[in-house]
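Take a look at the structure set out below.
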Amino acid sequence: MKKKFFLGWYFKICDGIQNIALIPSIAINSAGEKFAYVQVNTILDSYIFNFNYSEFFYDKKAKKIIIGCNTFSHKGMAVNLKNDKTEIVLELKFDKFIKPKRHIMGPFRFFPLTCKHEIISLKHAVNGSLEINGHAHVFSNAKGYIESDYGRSFPKKYLWLQCSDFTEKECSFFLAVAKIPFLFFSFTGLICTLNLENKEYRFATYNFSKIEKIESGEIVLKKRNLRLEILFKSQSGNVLFYPEEGSMDKTITESLDGKINIRLYKKKKLLCELTGQNAGVEVFGY
């Protein structure tokens, strides 16, 4: 496997009482040193568990990731993570995935970009148990989300929002805006999907959507006669590590209890207004 490379998956589970994200990943730095990790984020704290690279195994056909004695798959996960201060035990089962209609990156997935993204499940039900240092919790029809990233480095400037818990309707939402290096220049890339009662509204650079406004806590998107207004707020956040040139030594703060308000217009007609909670929020440079 080549140098300056990372590969990771992101599993998020939330029910409003206990929100948790698990990130099994590998990284190979510029010196060719190989590492394996599992990062865990909750509302209260974040943790990192280190493994030897030889303990990592990925079965692409079975869609199964194994790091040490921990198994992550499209069917669920069985996790027993331990270090000197923390023990996390998870036994979870996943129901049927709601997937994007097409690959979220569109034709950009074929470009030589430093970071590529895939949404595996926009939303699915999660059932099972969690224990952190002896404190137990049961997930019953919690909301799950799964994505994957790979490449050399995360963008130096990006905004990431994800929410599957809306008050008004059955809905899931994802957005990423990033400054993307490409050959000898860089551009601002957008990928966003709003899946509303099985109808997908997609806004992306490759379908000529525009970012009309982006500032602290607000972003406005436009695609032909559709306009998407998003307000977001982080409630709290914990530190996670992310890759740069294959080294996992940079940090970002991620919130798992963010709030999101969405308004979708067609011309001047309001199609829907949605209020989301337990959102994932990462803001770096914006």
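Residue numbering restarts at 1 in every chain; chains get A, B, ... in the order shown in the structure tokens, and ligands count up from 1 in that same order.
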(request) Please provide as a PyMOL selection string all residues within 6 Å of range 81-88 of chain A, with the sequence filter that same-chain residues fewer than 6 positions apart are discarded (counting only C-alpha atoms). (result) chain A and resi 131-133
task = Show which residues sit within 10 Å of Leu92 in chain A, as a ChimeraX atom specification. Count only C-alpha atoms, and ignore same-chain residues fewer than 6 positions away.
result = /A:13,72,75-79,126-130,138-139
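Taking only C-alpha atoms, the non-local environment of range 36-42 of chain A within 6 Å (same-chain residues fewer than 4 positions away omitted) comprises Asn19, Ile20, Ala21, Leu22, Ile23, Pro24, Ser25, Ile26, Ser46, Tyr47, Ile48, Phe49, Asn50, Phe51, Asn52 and Tyr53 of chain A.
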In Å and to one decimal, CA of Phe173 in chain A is distant from CA of Ser255 in chain A by 15.7 Å
Considering only C-alpha atoms, return as a PyMOL selection string whatever protein or nucleic-acid residues lie within 8 Å of range 114-119 of chain A, sequence-local ones (same chain, fewer than 2 positions apart) excluded. chain A and resi 99-100+103-105+109+112+121-122+146-155+180-181
Store the residues of this selection in a file with N, CA and C atoms, as an mmCIF file, in the first residue's frame.
```
data_model
loop_
_atom_site.group_PDB
_atom_site.id
_atom_site.type_symbol
_atom_site.label_atom_id
_atom_site.label_comp_id
_atom_site.auth_asym_id
_atom_site.auth_seq_id
_atom_site.Cartn_x
_atom_site.Cartn_y
_atom_site.Cartn_z
ATOM 1 N N LYS A 99 -29.973 4.760 1.202
ATOM 2 C CA LYS A 99 -28.750 5.143 0.500
ATOM 3 C C LYS A 99 -29.024 6.300 -0.454
ATOM 4 N N PRO A 100 -27.987 7.069 -0.794
ATOM 5 C CA PRO A 100 -28.168 8.085 -1.844
ATOM 6 C C PRO A 100 -28.534 7.419 -3.168
ATOM 7 N N HIS A 103 -23.770 8.014 -6.341
ATOM 8 C CA HIS A 103 -22.572 8.329 -5.562
ATOM 9 C C HIS A 103 -22.550 9.827 -5.240
ATOM 10 N N ILE A 104 -22.286 10.168 -3.979
ATOM 11 C CA ILE A 104 -22.381 11.559 -3.539
ATOM 12 C C ILE A 104 -21.373 12.460 -4.241
ATOM 13 N N MET A 105 -20.239 11.929 -4.681
ATOM 14 C CA MET A 105 -19.227 12.747 -5.339
ATOM 15 C C MET A 105 -19.427 12.870 -6.847
ATOM 16 N N ARG A 109 -15.521 11.663 -8.246
ATOM 17 C CA ARG A 109 -14.878 10.494 -7.631
ATOM 18 C C ARG A 109 -13.792 9.915 -8.527
ATOM 19 N N PRO A 112 -8.262 12.974 -9.507
ATOM 20 C CA PRO A 112 -7.163 12.716 -8.556
ATOM 21 C C PRO A 112 -7.167 13.720 -7.403
ATOM 22 N N SER A 121 -24.621 4.882 4.221
ATOM 23 C CA SER A 121 -26.027 4.901 4.647
ATOM 24 C C SER A 121 -26.377 6.286 5.160
ATOM 25 N N LEU A 122 -27.401 6.885 4.556
ATOM 26 C CA LEU A 122 -27.902 8.168 5.039
ATOM 27 C C LEU A 122 -28.648 8.015 6.359
ATOM 28 N N ILE A 146 -23.563 6.167 8.178
ATOM 29 C CA ILE A 146 -22.228 5.635 7.888
ATOM 30 C C ILE A 146 -21.659 6.322 6.653
ATOM 31 N N GLU A 147 -20.394 6.722 6.735
ATOM 32 C CA GLU A 147 -19.680 7.251 5.577
ATOM 33 C C GLU A 147 -18.254 6.725 5.599
ATOM 34 N N SER A 148 -17.546 6.988 4.497
ATOM 35 C CA SER A 148 -16.151 6.573 4.389
ATOM 36 C C SER A 148 -15.359 7.660 3.675
ATOM 37 N N ASP A 149 -14.072 7.783 4.055
ATOM 38 C CA ASP A 149 -13.168 8.732 3.417
ATOM 39 C C ASP A 149 -11.831 8.042 3.167
ATOM 40 N N TYR A 150 -11.157 8.457 2.081
ATOM 41 C CA TYR A 150 -9.820 7.930 1.826
ATOM 42 C C TYR A 150 -9.060 8.909 0.951
ATOM 43 N N GLY A 151 -7.732 8.778 0.981
ATOM 44 C CA GLY A 151 -6.887 9.657 0.178
ATOM 45 C C GLY A 151 -5.582 9.959 0.888
ATOM 46 N N ARG A 152 -5.116 11.205 0.754
ATOM 47 C CA ARG A 152 -3.865 11.633 1.382
ATOM 48 C C ARG A 152 -4.106 12.541 2.586
ATOM 49 N N SER A 153 -5.000 13.532 2.407
ATOM 50 C CA SER A 153 -5.197 14.556 3.434
ATOM 51 C C SER A 153 -6.640 15.033 3.430
ATOM 52 N N PHE A 154 -7.123 15.414 4.604
ATOM 53 C CA PHE A 154 -8.379 16.145 4.682
ATOM 54 C C PHE A 154 -8.155 17.551 4.118
ATOM 55 N N PRO A 155 -9.210 18.214 3.659
ATOM 56 C CA PRO A 155 -9.063 19.596 3.191
ATOM 57 C C PRO A 155 -8.570 20.518 4.314
ATOM 58 N N ILE A 180 -10.678 22.617 -2.078
ATOM 59 C CA ILE A 180 -10.104 21.400 -2.627
ATOM 60 C C ILE A 180 -8.904 21.726 -3.514
ATOM 61 N N PRO A 181 -7.715 21.234 -3.173
ATOM 62 C CA PRO A 181 -6.574 21.405 -4.082
ATOM 63 C C PRO A 181 -6.713 20.470 -5.276
#
```
Go through range 14-96 of chain A and collect every residue that DSSP, computed from the backbone, puts in strand (DSSP E); the answer should be as a tab-separated table (two decimals) with C-alpha atoms, in the first residue's frame.
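Final file, out_9.tsv:
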```tsv
chain	number	residue	atom	x	y	z
A	14	CYS	CA	-27.75	8.78	18.16
A	20	ILE	CA	-21.70	8.25	19.72
A	21	ALA	CA	-19.46	8.08	16.64
A	22	LEU	CA	-16.84	5.41	15.97
A	23	ILE	CA	-14.07	5.87	13.39
A	24	PRO	CA	-12.00	2.79	12.53
A	25	SER	CA	-9.12	3.85	10.28
A	26	ILE	CA	-5.61	3.23	9.00
A	27	ALA	CA	-2.89	5.68	8.00
A	28	ILE	CA	0.50	5.44	6.29
A	34	LYS	CA	1.67	2.15	9.15
A	35	PHE	CA	-0.88	2.67	11.91
A	36	ALA	CA	-4.38	1.54	12.82
A	37	TYR	CA	-6.81	3.34	15.11
A	38	VAL	CA	-10.33	3.45	16.41
A	39	GLN	CA	-11.49	6.89	17.49
A	40	VAL	CA	-14.66	7.34	19.52
A	41	ASN	CA	-16.61	10.54	20.06
A	42	THR	CA	-19.54	11.04	22.45
A	46	SER	CA	-13.57	11.63	22.81
A	47	TYR	CA	-11.11	8.72	22.89
A	48	ILE	CA	-8.48	7.15	20.66
A	49	PHE	CA	-7.39	3.50	20.73
A	50	ASN	CA	-4.17	2.54	18.95
A	51	PHE	CA	-3.51	-0.79	17.24
A	56	PHE	CA	-6.32	-4.43	10.61
A	57	PHE	CA	-8.26	-6.45	8.05
A	58	TYR	CA	-10.80	-5.26	5.49
A	59	ASP	CA	-13.03	-7.68	3.60
A	64	LYS	CA	-16.43	-5.91	7.05
A	65	ILE	CA	-13.68	-4.06	8.93
A	66	ILE	CA	-11.72	-5.77	11.69
A	67	ILE	CA	-9.25	-4.00	13.97
A	70	ASN	CA	-13.41	-5.23	17.00
A	71	THR	CA	-15.69	-5.85	14.03
A	72	PHE	CA	-17.58	-3.22	12.02
A	73	SER	CA	-19.87	-4.15	9.13
A	76	GLY	CA	-23.72	-4.06	12.85
A	77	MET	CA	-20.71	-3.95	15.12
A	78	ALA	CA	-19.13	-5.83	17.99
A	79	VAL	CA	-16.64	-3.64	19.85
A	80	ASN	CA	-14.55	-4.06	22.98
A	81	LEU	CA	-12.05	-1.20	23.22
A	82	LYS	CA	-9.71	-0.87	26.18
A	87	GLU	CA	-13.33	0.58	28.32
A	88	ILE	CA	-16.05	0.77	25.66
A	89	VAL	CA	-18.22	-2.22	24.79
A	90	LEU	CA	-20.77	-2.13	21.95
A	91	GLU	CA	-23.06	-4.77	20.47
A	92	LEU	CA	-25.21	-3.26	17.72
A	93	LYS	CA	-27.40	-4.43	14.85
A	94	PHE	CA	-28.31	-2.27	11.84
```
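Between Leu196 in chain A and the residues A:Lys123, A:Lys266, A:Lys250, A:Lys223, the shortest atom-to-atom distance, using only C-alpha atoms, involves A:Lys123.
For the choices A:Ile191, A:Lys157, A:Asp95, A:Lys268, the atom-to-atom distance to Asn141 in chain A is smallest for A:Asp95 when using only C-alpha atoms.
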List every residue of range 45-253 of chain A that DSSP, applied to the backbone of this structure, assigns to helix (DSSP H, G or I), and report them as a PyMOL selection string. chain A and resi 53-55+106-110+205-207
Could those residues be written to a file, using C-alpha atoms, as a PDB file, in the first residue's frame?
```
ATOM      1  CA  TYR A  53      -1.356  -2.171  11.519  1.00  0.00           C
ATOM      2  CA  SER A  54      -1.140  -5.969  11.328  1.00  0.00           C
ATOM      3  CA  GLU A  55      -4.354  -6.128  13.405  1.00  0.00           C
ATOM      4  CA  GLY A 106     -20.649  12.245  -8.812  1.00  0.00           C
ATOM      5  CA  PRO A 107     -17.966  12.425 -11.526  1.00  0.00           C
ATOM      6  CA  PHE A 108     -15.506  13.967  -9.048  1.00  0.00           C
ATOM      7  CA  ARG A 109     -14.878  10.494  -7.631  1.00  0.00           C
ATOM      8  CA  PHE A 110     -12.792   9.794 -10.733  1.00  0.00           C
ATOM      9  CA  THR A 205     -20.609  21.548  -7.655  1.00  0.00           C
ATOM     10  CA  TYR A 206     -20.992  18.993 -10.439  1.00  0.00           C
ATOM     11  CA  ASN A 207     -24.715  19.805 -10.971  1.00  0.00           C
TER      12      ASN A 207
END
```
Between A:Ile214, A:Leu44, A:Ile120, A:Ala125, smallest distance to Thr188 in chain A by only C-alpha atoms belongs to A:Ile214
CA of Glu168 in chain A sits from CA of Gly16 in chain A at a separation of 16.0 Å
With distances taken over only C-alpha atoms, the candidate from A:Lys96, A:Lys222, A:Tyr158, A:Thr275 nearest Cys171 in chain A is A:Thr275
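The coordinates place CA of Leu175 in chain A at 8.6 Å from CA of Leu194 in chain A.
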